[in-house]
Structure formats: C-alpha cells, structure tokens
$ cat data_21.txt   # compact mmCIF, C-alpha atoms
# COMPACT_ATOMS: atom_id res chain seq x y z
CA MET A 280 0.00 0.00 0.00
CA ASN A 281 1.21 3.48 -0.86
CA ILE A 282 0.81 6.62 1.27
CA ALA A 283 -0.63 8.43 -1.77
CA PHE A 284 -3.69 6.12 -1.56
CA PHE A 285 -4.73 7.90 1.66
CA LEU A 286 -3.62 11.43 0.73
CA LEU A 287 -6.02 14.33 1.09
CA PRO A 288 -4.35 16.81 -1.31
CA LYS A 289 -3.16 20.25 -0.29
CA SER A 290 -5.92 21.89 -2.31
CA GLU A 291 -8.50 20.29 0.01
CA VAL A 292 -6.70 21.06 3.29
CA ALA A 293 -7.13 24.24 5.31
CA THR A 294 -3.67 25.63 5.99
CA VAL A 295 -2.20 28.84 7.39
CA THR A 296 1.10 30.62 6.85
CA LEU A 297 3.59 32.05 9.32
CA ASP A 298 2.31 35.51 8.37
CA SER A 299 -1.29 34.63 9.26
CA THR A 300 -2.65 36.44 12.27
CA LEU A 301 -3.96 34.78 15.39
CA ARG A 302 -7.45 36.01 14.45
CA GLN A 303 -7.26 34.66 10.89
CA THR A 304 -6.15 31.31 12.25
CA LEU A 305 -8.96 31.17 14.80
CA GLU A 306 -11.50 32.08 12.13
CA ARG A 307 -10.19 29.44 9.72
CA MET A 308 -10.27 26.78 12.43
CA GLU A 309 -13.79 27.78 13.44
CA TYR A 310 -15.06 27.83 9.85
CA HIS A 311 -13.67 24.35 9.09
CA ARG A 312 -14.36 23.06 12.62
CA TYR A 313 -10.72 21.96 13.01
CA THR A 314 -8.70 21.86 16.20
CA ALA A 315 -5.36 21.97 14.37
CA VAL A 316 -4.10 23.13 10.97
CA PRO A 317 -0.77 22.79 9.16
CA ILE A 318 1.46 25.83 8.81
CA ILE A 319 3.36 26.32 5.56
CA ASP A 320 5.82 29.02 4.62
CA ARG A 321 5.61 31.18 1.50
CA HIS A 322 7.52 28.52 -0.48
CA GLY A 323 5.08 25.77 0.48
CA VAL A 324 7.41 24.12 2.99
CA TYR A 325 5.75 22.45 5.97
CA VAL A 326 6.71 24.37 9.14
CA GLY A 327 4.55 22.73 11.80
CA THR A 328 0.98 22.46 13.01
CA ILE A 329 -0.84 25.02 15.13
CA THR A 330 -3.48 23.80 17.56
CA GLU A 331 -6.31 25.48 19.43
CA GLY A 332 -4.30 24.83 22.58
CA ASP A 333 -1.30 26.74 21.20
CA LEU A 334 -3.51 29.76 20.55
CA LEU A 335 -5.32 29.59 23.88
CA TRP A 336 -2.11 29.15 25.92
CA TYR A 337 -0.53 32.06 24.05
CA MET A 338 -3.50 34.27 24.89
CA LYS A 339 -3.57 33.10 28.52
CA ASN A 340 0.16 33.59 29.04
CA SER A 341 0.07 37.10 27.55
CA GLN A 342 -1.38 38.29 30.86
CA GLY A 343 -4.32 40.01 29.20
CA LYS A 344 -2.37 41.68 26.38
CA VAL A 345 -3.78 39.38 23.69
CA THR A 346 -7.56 39.37 23.39
CA PHE A 347 -10.02 38.29 20.73
CA GLU A 348 -10.48 41.97 19.91
CA ASN A 349 -6.79 42.61 19.14
CA ALA A 350 -5.90 39.10 17.89
CA SER A 351 -5.31 40.46 14.38
CA LYS A 352 -2.13 42.19 15.63
CA TYR A 353 -0.32 38.93 16.46
CA LEU A 354 1.33 36.69 13.86
CA LEU A 355 1.67 32.91 13.98
CA LYS A 356 5.44 33.15 13.62
CA ASP A 357 5.49 34.56 17.19
CA ILE A 358 3.34 31.81 18.73
CA PRO A 359 5.21 28.80 20.15
CA LEU A 360 4.00 25.36 19.10
CA ARG A 361 3.51 22.96 22.02
CA LEU A 362 3.37 19.80 19.90
CA ASP A 363 5.83 18.59 17.30
CA ILE A 364 3.47 17.20 14.64
CA LYS A 365 5.88 15.34 12.41
CA PRO A 366 5.33 14.94 8.68
CA VAL A 367 5.93 11.84 6.61
CA SER A 368 7.53 11.84 3.19
CA ILE A 369 5.33 10.61 0.35
CA ASP A 370 8.05 8.01 -0.36
CA GLU A 371 8.17 6.51 3.15
CA ASP A 372 6.73 3.17 4.17
CA MET A 373 3.20 2.71 5.44
CA GLU A 374 4.69 1.63 8.76
CA ASP A 375 6.12 5.14 9.22
CA LEU A 376 2.72 6.66 8.48
CA ILE A 377 0.93 4.34 10.90
CA ASN A 378 3.45 5.00 13.68
CA LEU A 379 2.81 8.74 13.39
CA ALA A 380 -0.96 8.29 13.06
CA LYS A 381 -1.00 6.45 16.38
CA VAL A 382 -0.15 9.71 18.16
CA GLN A 383 -1.43 12.35 15.72
CA ASN A 384 -4.98 12.93 14.44
CA PHE A 385 -3.53 13.63 11.03
CA VAL A 386 -0.13 13.23 9.45
CA PRO A 387 1.20 15.99 7.17
CA VAL A 388 2.73 14.62 3.96
CA VAL A 389 5.66 16.30 2.26
CA ASP A 390 7.64 15.77 -0.92
CA ASP A 391 11.40 15.26 -1.14
CA MET A 392 11.96 19.03 -0.71
CA ASN A 393 9.79 19.15 2.44
CA ARG A 394 7.01 20.96 0.56
CA PHE A 395 3.56 20.28 1.96
CA ILE A 396 1.44 18.16 -0.40
CA GLY A 397 -1.45 17.12 1.85
CA ILE A 398 -2.45 15.13 4.90
CA VAL A 399 -3.51 11.65 5.87
CA ARG A 400 -6.22 11.54 8.49
CA ARG A 401 -6.00 8.86 11.15
CA SER A 402 -9.68 8.11 10.55
CA GLN A 403 -8.91 7.11 6.93
CA ILE A 404 -6.37 4.54 8.09
CA ILE A 405 -8.78 3.15 10.68
CA GLU A 406 -11.60 2.91 8.12
CA TYR A 407 -9.30 1.08 5.72
CA CYS A 408 -8.25 -1.41 8.40
CA GLU A 409 -11.84 -1.84 9.57
CA LYS A 410 -12.80 -3.25 6.15
CA PHE A 411 -10.37 -6.11 6.64
CA VAL A 412 -11.35 -6.73 10.25
CA SER A 413 -15.05 -6.87 9.37
CA ARG A 414 -14.32 -9.43 6.63
CA GLY A 415 -12.00 -11.43 8.88
CA GLU A 416 -9.04 -10.84 6.56
CA ALA A 417 -5.54 -9.63 7.20
CA ALA A 418 -4.61 -6.30 5.60
CA PRO A 419 -2.45 -6.75 2.50
CA ARG A 420 1.31 -6.44 3.01
CA GLN A 421 3.36 -3.98 1.02
$ encode --input "data_21.txt" --output "structure tokens"
Amino acid sequence: MNIAFFLLPKSEVATVTLDSTLRQTLERMEYHRYTAVPIIDRHGVYVGTITEGDLLWYMKNSQGKVTFENASKYLLKDIPLRLDIKPVSIDEDMEDLINLAKVQNFVPVVDDMNRFIGIVRRSQIIEYCEKFVSRGEAAPRQ
C-alpha cells in the first residue's frame, strides 16, 4: 500500500502561513471546525501544526495583552508550538505513516523538498483497516 492512496491533497486542506494572524487562524479553524491546521511558509514548505491549545495558551500567558479583539495584531510566527506534529515523506513506508498516526490525528505529507502536499487523516487509516477486520481478513502487506 502506498501513502498516496490515503492522501487528502493540499488543495482540500485548510492551511495557514507564518504571516497569518492569530485572528485569521482562529476564524479558519472555526469555519472548518478543526482543532489543528498545518502551517506552511511562503515557499510551500511544511513548518509545523498550530493547535487550538497553542492559541489559547498564548493568549492566557500574555497576561491580558492578547484578546479576541486585538488578535489580528499577532502573527503565527510569534506563537510557540507545544506539539511537534511530524510529517511523513510521500516516499516513506506505510509503517512510518501508521506510527505517526497512532499519536497524531492527522499526518502531514511532504515531498522530497519538504514541501507540503497534503495530509492523511488517522480516521482514513482506521476505516481502511476496519474493512479487513469486518471481513476477517488480514490487511495486504506492502
């Protein structure tokens, strides 16, 4: 099985850039009902993943300086990421993808130049495996 089989392409993934504001990020997350979104730089390189928790802790630790009203003044590049959401290369083995999916809700996928090309959702992997379990079969080996 190939990682590309599970890929949700970049064009269908909500992302933000390092120059996005805290407010823009919150609005994008709310609109798509996501709790985390990938961050890419202006060249399309995967930088990390911002979570609701990152934004909330940043606001809390600002000691009242950052509010929803002035959130458009703060850029993502200044917000520390609490989690290291690791990407997988499109050329890596399924085992690498599954190991990351065990601890991440989604796995960012990058090309050989670390450019973001999409994500694989953990739910897609589980649904795929469930088909084999329900039929009493073993999943095909690579």
$ closest_residue --input "data_21.txt" --among "A:Ile319, A:Leu355, A:Ala283, A:Ile404" --to "Asp298 in chain A" --atoms "only C-alpha atoms"
A:Leu355
$ residues_near_point --input "data_21.txt" --point "(-3.5, 38.1, 21.4)" --cutoff "12 Å" --atoms "only C-alpha atoms" --output "count of residues only"
31
$ atom_distance --input "data_21.txt" --atom1 "CA of Ser368 in chain A" --atom2 "CA of Asp391 in chain A"
6.7 Å
$ atom_distance --input "data_21.txt" --atom1 "CA of Asp363 in chain A" --atom2 "CA of Ser290 in chain A"
23.1 Å
$ residues_near_point --input "data_21.txt" --point "(-4.9, 20.1, 7.5)" --cutoff "10 Å" --atoms "only C-alpha atoms" --output "number ranges by chain"
A: 287-289, 291-295, 308, 311, 313-318, 328-329, 384-387, 397-400
$ atom_distance --input "data_21.txt" --atom1 "CA of Ala380 in chain A" --atom2 "CA of Val367 in chain A"
10.1 Å
$ residues_around --input "data_21.txt" --residues "Gln383 in chain A" --least-positions-apart "5" --cutoff "9 Å" --atoms "only C-alpha atoms" --output "list in words"
Ile364, Lys365, Arg400 and Arg401 of chain A
$ closest_residue --input "data_21.txt" --among "A:Asn393, A:Ser413, A:Gln403, A:Asn281" --to "Val326 in chain A" --atoms "only C-alpha atoms"
A:Asn393
